[in-house]
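What's in my_file06.cif: mmCIF, C-alpha atoms
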data_run
loop_
_atom_site.label_atom_id
_atom_site.label_comp_id
_atom_site.auth_asym_id
_atom_site.auth_seq_id
_atom_site.Cartn_x
_atom_site.Cartn_y
_atom_site.Cartn_z
CA MET A 227 0.05 5.51 -10.95
CA PHE A 228 1.28 4.35 -7.56
CA VAL A 229 2.25 0.64 -7.67
CA LYS A 230 2.47 -1.33 -4.43
CA ILE A 231 3.79 -4.88 -4.34
CA CYS A 232 2.49 -6.61 -1.22
CA GLY A 233 3.31 -9.87 0.51
CA ILE A 234 7.07 -9.41 0.35
CA THR A 235 8.76 -12.08 2.48
CA ASN A 236 12.43 -11.95 1.52
CA GLU A 237 15.18 -9.57 0.50
CA ASP A 238 15.58 -10.90 -3.06
CA ASP A 239 11.95 -10.19 -3.92
CA ALA A 240 12.12 -6.77 -2.27
CA LEU A 241 15.17 -5.76 -4.29
CA LEU A 242 13.71 -7.19 -7.50
CA ALA A 243 10.42 -5.31 -7.14
CA THR A 244 12.37 -2.16 -6.40
CA ALA A 245 14.59 -2.61 -9.46
CA LEU A 246 11.54 -3.17 -11.67
CA GLY A 247 10.01 0.15 -10.60
CA ALA A 248 7.61 -0.53 -7.74
CA ASP A 249 6.75 2.52 -5.63
CA ALA A 250 5.94 0.64 -2.43
CA LEU A 251 6.49 -2.73 -0.79
CA GLY A 252 4.09 -4.31 1.67
CA PHE A 253 5.11 -6.61 4.52
CA VAL A 254 2.35 -8.63 6.18
CA PHE A 255 2.45 -8.84 9.97
CA ALA A 256 -1.14 -10.12 10.21
CA PRO A 257 -1.84 -13.88 10.25
CA SER A 258 -1.26 -15.05 6.68
CA ARG A 259 0.75 -17.48 4.56
CA ARG A 260 2.83 -14.39 3.74
CA GLN A 261 3.36 -13.29 7.33
CA VAL A 262 6.88 -12.15 8.20
CA LYS A 263 8.56 -11.30 11.47
CA PRO A 264 9.52 -7.70 12.27
CA ASP A 265 13.22 -8.51 12.66
CA ILE A 266 13.36 -9.96 9.14
CA VAL A 267 11.60 -6.93 7.68
CA ARG A 268 13.90 -4.56 9.56
CA ASP A 269 16.92 -6.17 7.90
CA ILE A 270 15.26 -5.94 4.46
CA VAL A 271 14.24 -2.31 4.91
CA LYS A 272 17.81 -1.31 5.74
CA ARG A 273 18.89 -2.45 2.27
CA LEU A 274 16.22 -0.63 0.28
CA PRO A 275 16.54 2.78 -1.40
CA ARG A 276 15.13 5.54 0.76
CA GLU A 277 12.56 6.52 -1.87
CA ILE A 278 10.79 3.15 -1.70
CA THR A 279 7.72 3.34 0.52
CA THR A 280 7.71 0.48 3.02
CA VAL A 281 4.32 -0.53 4.42
CA GLY A 282 3.47 -2.81 7.32
CA VAL A 283 0.13 -4.62 6.99
CA PHE A 284 -1.84 -5.22 10.19
CA LYS A 285 -5.30 -6.60 10.92
CA ASP A 286 -7.27 -5.73 14.07
CA ASP A 287 -4.04 -5.42 16.04
CA ARG A 288 -3.54 -3.31 19.15
CA PRO A 289 -2.82 0.29 18.05
CA ALA A 290 0.19 0.57 20.37
CA HIS A 291 1.65 -2.60 18.88
CA VAL A 292 1.14 -1.29 15.32
CA VAL A 293 2.98 1.92 16.15
CA ASP A 294 5.74 0.09 18.01
CA VAL A 295 6.43 -2.31 15.13
CA ALA A 296 6.41 0.48 12.55
CA ALA A 297 8.94 2.47 14.56
CA ARG A 298 11.12 -0.50 15.43
CA VAL A 299 11.28 -1.76 11.84
CA GLY A 300 11.67 1.70 10.30
CA LEU A 301 8.56 1.62 8.11
CA HIS A 302 7.23 4.63 6.25
CA ALA A 303 3.60 3.58 6.51
CA VAL A 304 1.08 1.12 7.93
CA GLN A 305 -1.91 -0.52 6.32
CA LEU A 306 -4.89 -1.37 8.52
CA HIS A 307 -6.70 -4.27 6.94
CA GLY A 308 -9.26 -5.29 9.53
CA HIS A 309 -12.24 -3.60 11.12
CA GLU A 310 -10.34 -0.94 13.03
CA PRO A 311 -12.65 1.79 14.37
CA MET A 312 -11.99 5.34 13.24
CA SER A 313 -10.80 6.25 16.74
CA GLU A 314 -7.97 3.72 16.46
CA VAL A 315 -7.11 4.80 12.93
CA LYS A 316 -6.88 8.38 14.17
CA TRP A 317 -4.69 7.40 17.12
CA ILE A 318 -2.30 5.50 14.84
CA ARG A 319 -2.26 8.29 12.24
CA GLU A 320 -1.16 10.77 14.90
CA ARG A 321 1.92 8.60 15.47
CA VAL A 322 2.68 7.19 12.02
CA ARG A 323 3.43 9.39 9.01
CA PHE A 324 1.20 7.59 6.51
CA VAL A 325 -1.78 5.27 6.92
CA ILE A 326 -3.68 3.13 4.42
CA GLN A 327 -7.07 1.88 5.55
CA GLY A 328 -8.48 -1.19 3.83
CA PHE A 329 -12.12 -1.93 3.10
CA ALA A 330 -13.70 -4.97 1.49
CA ALA A 331 -15.51 -4.32 -1.78
CA GLY A 332 -19.18 -3.81 -1.10
CA ASP A 333 -18.67 -2.98 2.58
CA PRO A 334 -21.37 -0.44 3.53
CA SER A 335 -18.86 1.40 5.74
CA LEU A 336 -16.82 2.25 2.62
CA ALA A 337 -19.15 5.17 1.98
CA ALA A 338 -17.98 6.77 5.24
CA ALA A 339 -14.31 6.49 4.28
CA VAL A 340 -14.26 10.19 3.42
CA ASN A 341 -14.18 10.77 7.18
CA SER A 342 -11.25 8.42 7.71
CA PRO A 343 -8.02 9.91 9.11
CA ALA A 344 -6.14 7.62 6.70
CA ASP A 345 -4.20 9.08 3.78
CA VAL A 346 -5.30 6.42 1.30
CA ILE A 347 -8.34 4.13 1.11
CA LEU A 348 -7.70 0.62 -0.18
CA VAL A 349 -10.54 -1.40 -1.69
CA ASP A 350 -9.84 -5.12 -1.72
CA SER A 351 -11.59 -8.39 -2.43
CA PRO A 352 -13.94 -9.58 0.34
CA ASP A 353 -11.40 -12.40 0.71
CA PRO A 354 -8.04 -10.56 0.87
CA GLY A 355 -5.01 -12.46 -0.35
CA SER A 356 -7.11 -15.03 -2.20
CA GLY A 357 -6.24 -13.71 -5.63
CA ARG A 358 -9.92 -13.65 -6.55
CA VAL A 359 -11.18 -10.86 -8.75
CA PHE A 360 -14.21 -8.97 -7.47
CA ASP A 361 -16.69 -6.82 -9.37
CA TRP A 362 -14.66 -3.64 -9.70
CA ARG A 363 -17.86 -1.61 -9.93
CA LEU A 364 -18.16 -2.17 -6.18
CA ALA A 365 -15.21 0.21 -5.77
CA GLU A 366 -17.57 2.97 -6.88
CA GLY A 367 -18.92 2.83 -3.34
CA ALA A 368 -15.84 4.75 -2.24
CA PRO A 369 -16.57 8.46 -1.79
CA SER A 370 -15.12 10.94 -4.24
CA GLY A 371 -12.20 13.03 -3.07
CA VAL A 372 -10.22 10.17 -1.53
CA ARG A 373 -7.09 8.57 -2.89
CA LEU A 374 -8.12 5.05 -3.86
CA LEU A 375 -5.72 2.11 -3.90
CA LEU A 376 -7.24 -0.85 -5.77
CA ALA A 377 -6.39 -4.45 -4.85
CA GLY A 378 -7.96 -7.87 -5.17
CA GLY A 379 -7.14 -10.38 -7.88
CA LEU A 380 -5.11 -8.01 -10.02
CA THR A 381 -2.67 -9.47 -12.54
CA ALA A 382 -0.72 -8.21 -15.54
CA HIS A 383 -3.62 -9.41 -17.70
CA ASN A 384 -6.40 -7.45 -16.02
CA VAL A 385 -4.77 -4.44 -14.34
CA ALA A 386 -5.21 -2.21 -17.41
CA GLU A 387 -8.95 -2.97 -17.50
CA ALA A 388 -9.22 -2.29 -13.77
CA ILE A 389 -7.44 1.05 -14.10
CA LYS A 390 -9.64 2.07 -17.01
CA LEU A 391 -12.83 1.24 -15.14
CA VAL A 392 -12.01 2.45 -11.61
CA ARG A 393 -9.34 5.08 -12.33
CA PRO A 394 -7.66 4.57 -8.95
CA TRP A 395 -4.78 6.56 -7.49
CA GLY A 396 -2.81 3.34 -7.25
CA VAL A 397 -2.87 -0.44 -7.56
CA ASP A 398 -1.81 -3.12 -5.09
CA VAL A 399 -0.90 -6.70 -5.97
CA SER A 400 0.30 -9.75 -4.07
CA SER A 401 -0.73 -13.20 -5.30
CA GLY A 402 -1.04 -11.97 -8.89
CA VAL A 403 2.75 -11.70 -9.16
CA GLU A 404 3.70 -14.85 -7.27
CA ALA A 405 5.28 -18.15 -8.26
CA ALA A 406 4.07 -19.56 -4.92
CA ALA A 407 2.63 -18.06 -1.75
CA GLY A 408 5.16 -15.53 -0.50
CA LEU A 409 7.54 -15.96 -3.44
CA LYS A 410 7.43 -13.48 -6.32
CA ASP A 411 7.74 -14.43 -9.99
CA PRO A 412 10.18 -12.06 -11.77
CA ARG A 413 8.35 -12.27 -15.09
CA LYS A 414 4.94 -11.60 -13.54
CA LEU A 415 6.34 -8.72 -11.52
CA ARG A 416 7.82 -7.04 -14.58
CA GLN A 417 4.70 -7.59 -16.68
CA PHE A 418 2.42 -6.23 -13.96
CA ILE A 419 4.39 -3.05 -13.39
CA GLU A 420 4.75 -2.44 -17.13
CA ALA A 421 1.04 -3.02 -17.70
CA ALA A 422 0.06 -0.62 -14.92
CA ARG A 423 2.37 2.09 -16.27
CA ALA A 424 1.17 1.57 -19.84
CA ALA A 425 -2.48 1.78 -18.78
CA THR A 426 -1.79 5.07 -17.03
CA ALA A 427 -0.09 6.46 -20.13
CA ASP A 428 -2.94 5.27 -22.37
CA ALA A 429 -5.40 7.11 -20.16
CA GLY A 430 -3.50 10.33 -20.75
CA GLU A 431 -2.25 10.49 -17.18
CA HIS A 432 1.28 10.73 -15.90
CA PRO A 433 2.81 9.35 -12.72
CA ILE A 434 2.70 11.99 -10.02
CA ASP A 435 6.12 13.15 -8.88
CA LEU A 436 5.80 15.93 -6.36
CA THR A 437 8.42 17.35 -4.07
CA ARG A 438 7.85 17.66 -0.35
CA GLU A 439 7.11 21.37 -0.82
CA GLU A 440 4.14 20.46 -3.03
CA ARG A 441 2.34 18.51 -0.31
CA HIS A 442 -1.17 19.69 0.41
CA ASP A 443 -2.95 19.81 3.74
CA ASN A 444 -5.37 16.96 4.38
CA GLY A 445 -7.17 17.73 7.61
CA ASN A 446 -4.55 18.01 10.30
CA HIS A 447 -1.64 16.55 8.40
CA ALA A 448 0.35 17.24 5.26
CA VAL A 449 0.72 14.46 2.73
CA SER A 450 2.39 13.93 -0.60
CA GLU A 451 0.29 13.41 -3.72
CA ASN A 452 2.51 10.49 -4.67
CA ARG A 453 4.18 8.95 -1.67
CA PRO A 454 4.24 9.50 2.09
CA TYR A 455 6.45 12.08 3.67
CA ASP A 456 9.89 10.60 4.34
CA TRP A 457 10.75 11.32 7.96
CA GLN A 458 14.35 10.22 7.27
CA LEU A 459 14.91 13.32 5.16
CA ASP A 460 14.81 15.41 8.33
CA ASP A 461 17.66 13.50 9.96
#
Kindly transcribe the structure held in the file into structure tokens.
Amino acid sequence: MFVKICGITNEDDALLATALGADALGFVFAPSRRQVKPDIVRDIVKRLPREITTVGVFKDDRPAHVVDVAARVGLHAVQLHGHEPMSEVKWIRERVRFVIQGFAAGDPSLAAAVNSPADVILVDSPDPGSGRVFDWRLAEGAPSGVRLLLAGGLTAHNVAEAIKLVRPWGVDVSSGVEAAAGLKDPRKLRQFIEAARAATADAGEHPIDLTREERHDNGNHAVSENRPYDWQLDD
């Protein structure tokens, strides 16, 4: 189970989430109470272990700006959380190693996500960042054969139920592990990650841990079953 902790705004929370076993950290560049500046994220990223997937979250931003920020900050991946057309997603994916494309639960366009150039499809609450739980059955609108990242109102208390019902590739949480907007709660972070791991084990599944050689071809690009290709390994 891939666990992404989003809405990271400071180095202490980034290091804590990493120490507790998160697979990925999300930094919000879109307008939000959790928005951070690229220069701050760049300094945080430099201090993280290389194996942690760093994700920049954008919403209806100019594709060239998305790519520029990702490169300047040193991010592994970007998350597109607006209404970006497939042509823009494709353009960004040709320039960024790993792309997550977000859809609101119940969005009719979710059914066409199988044609998305993105590596992972995220299904979120219709009101992202609100912490509100949506009807997880709406995630069934995602086509089969895509890697599904589930978000929207998840907490340590409901993540196991969500995993059991939706059986996603990964889970994504922000407000559900906060003490206040943009500030993580250590206890909630630990409980969430432990609950997600336990739910995966109870389902008879095991966290995927593939080497780069075990990547499979997905259209025109190779991707890892667990985490994005790390371009730094080629340095």
Contacts between stretch 399-418 of chain A and stretch 259-327 of chain A, please, where a residue of stretch 259-327 of chain A counts if it comes within 9 Å (with all atoms listed in the file); show its shortest atom pair and distance in Å to one decimal, rows by chain and ascending number, as JSON lines.
{"residue": "A:Arg259", "atom": "CA", "partner": "A:Ala407", "partner_atom": "CA", "distance": 6.6}
{"residue": "A:Arg260", "atom": "CA", "partner": "A:Gly408", "partner_atom": "CA", "distance": 5.0}
{"residue": "A:Gln261", "atom": "CA", "partner": "A:Gly408", "partner_atom": "CA", "distance": 8.3}
Quiz prompt | the PyMOL selection byres ((chain A and resi 250) around 6) resolved against shown file, as a PyMOL selection string | solution = chain A and resi 230+248-249+251+278-280
Quiz item: Got a sec to resolve the PyMOL selection byres ((chain A and resi 422) around 9) on this structure and send the residues as a PyMOL selection string?
Solution: chain A and resi 227-229+382+385-386+389+397+417-421+423-427
Quiz item: Taking all atoms listed in the file into account, which of A:Cys232, A:Ala344, A:Leu374, A:Val349 comes nearest A:Val283?
Solution: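 Among A:Cys232, A:Ala344, A:Leu374, A:Val349, it is A:Cys232 that comes nearest to A:Val283.
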Self-check item: Selection result for the PyMOL selection byres ((chain A and resi 308-319) around 6) on this file, as a ChimeraX atom specification
Solution: /A:285-286,306-307,320-322,343
Self-check item: Residues near A:Lys263, cut-off 12 Å, only C-alpha atoms, skip fewer than 2 positions along chain, as a PyMOL selection string
Solution: chain A and resi 234-236+253-258+260-261+265-270+282-283+295+298-299
Quiz prompt | Pairwise distance for atom CA of A:Val262 and atom CA of A:Ala296, rounded to one decimal in Å | solution =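 Distance between the two atoms: 13.4 Å.
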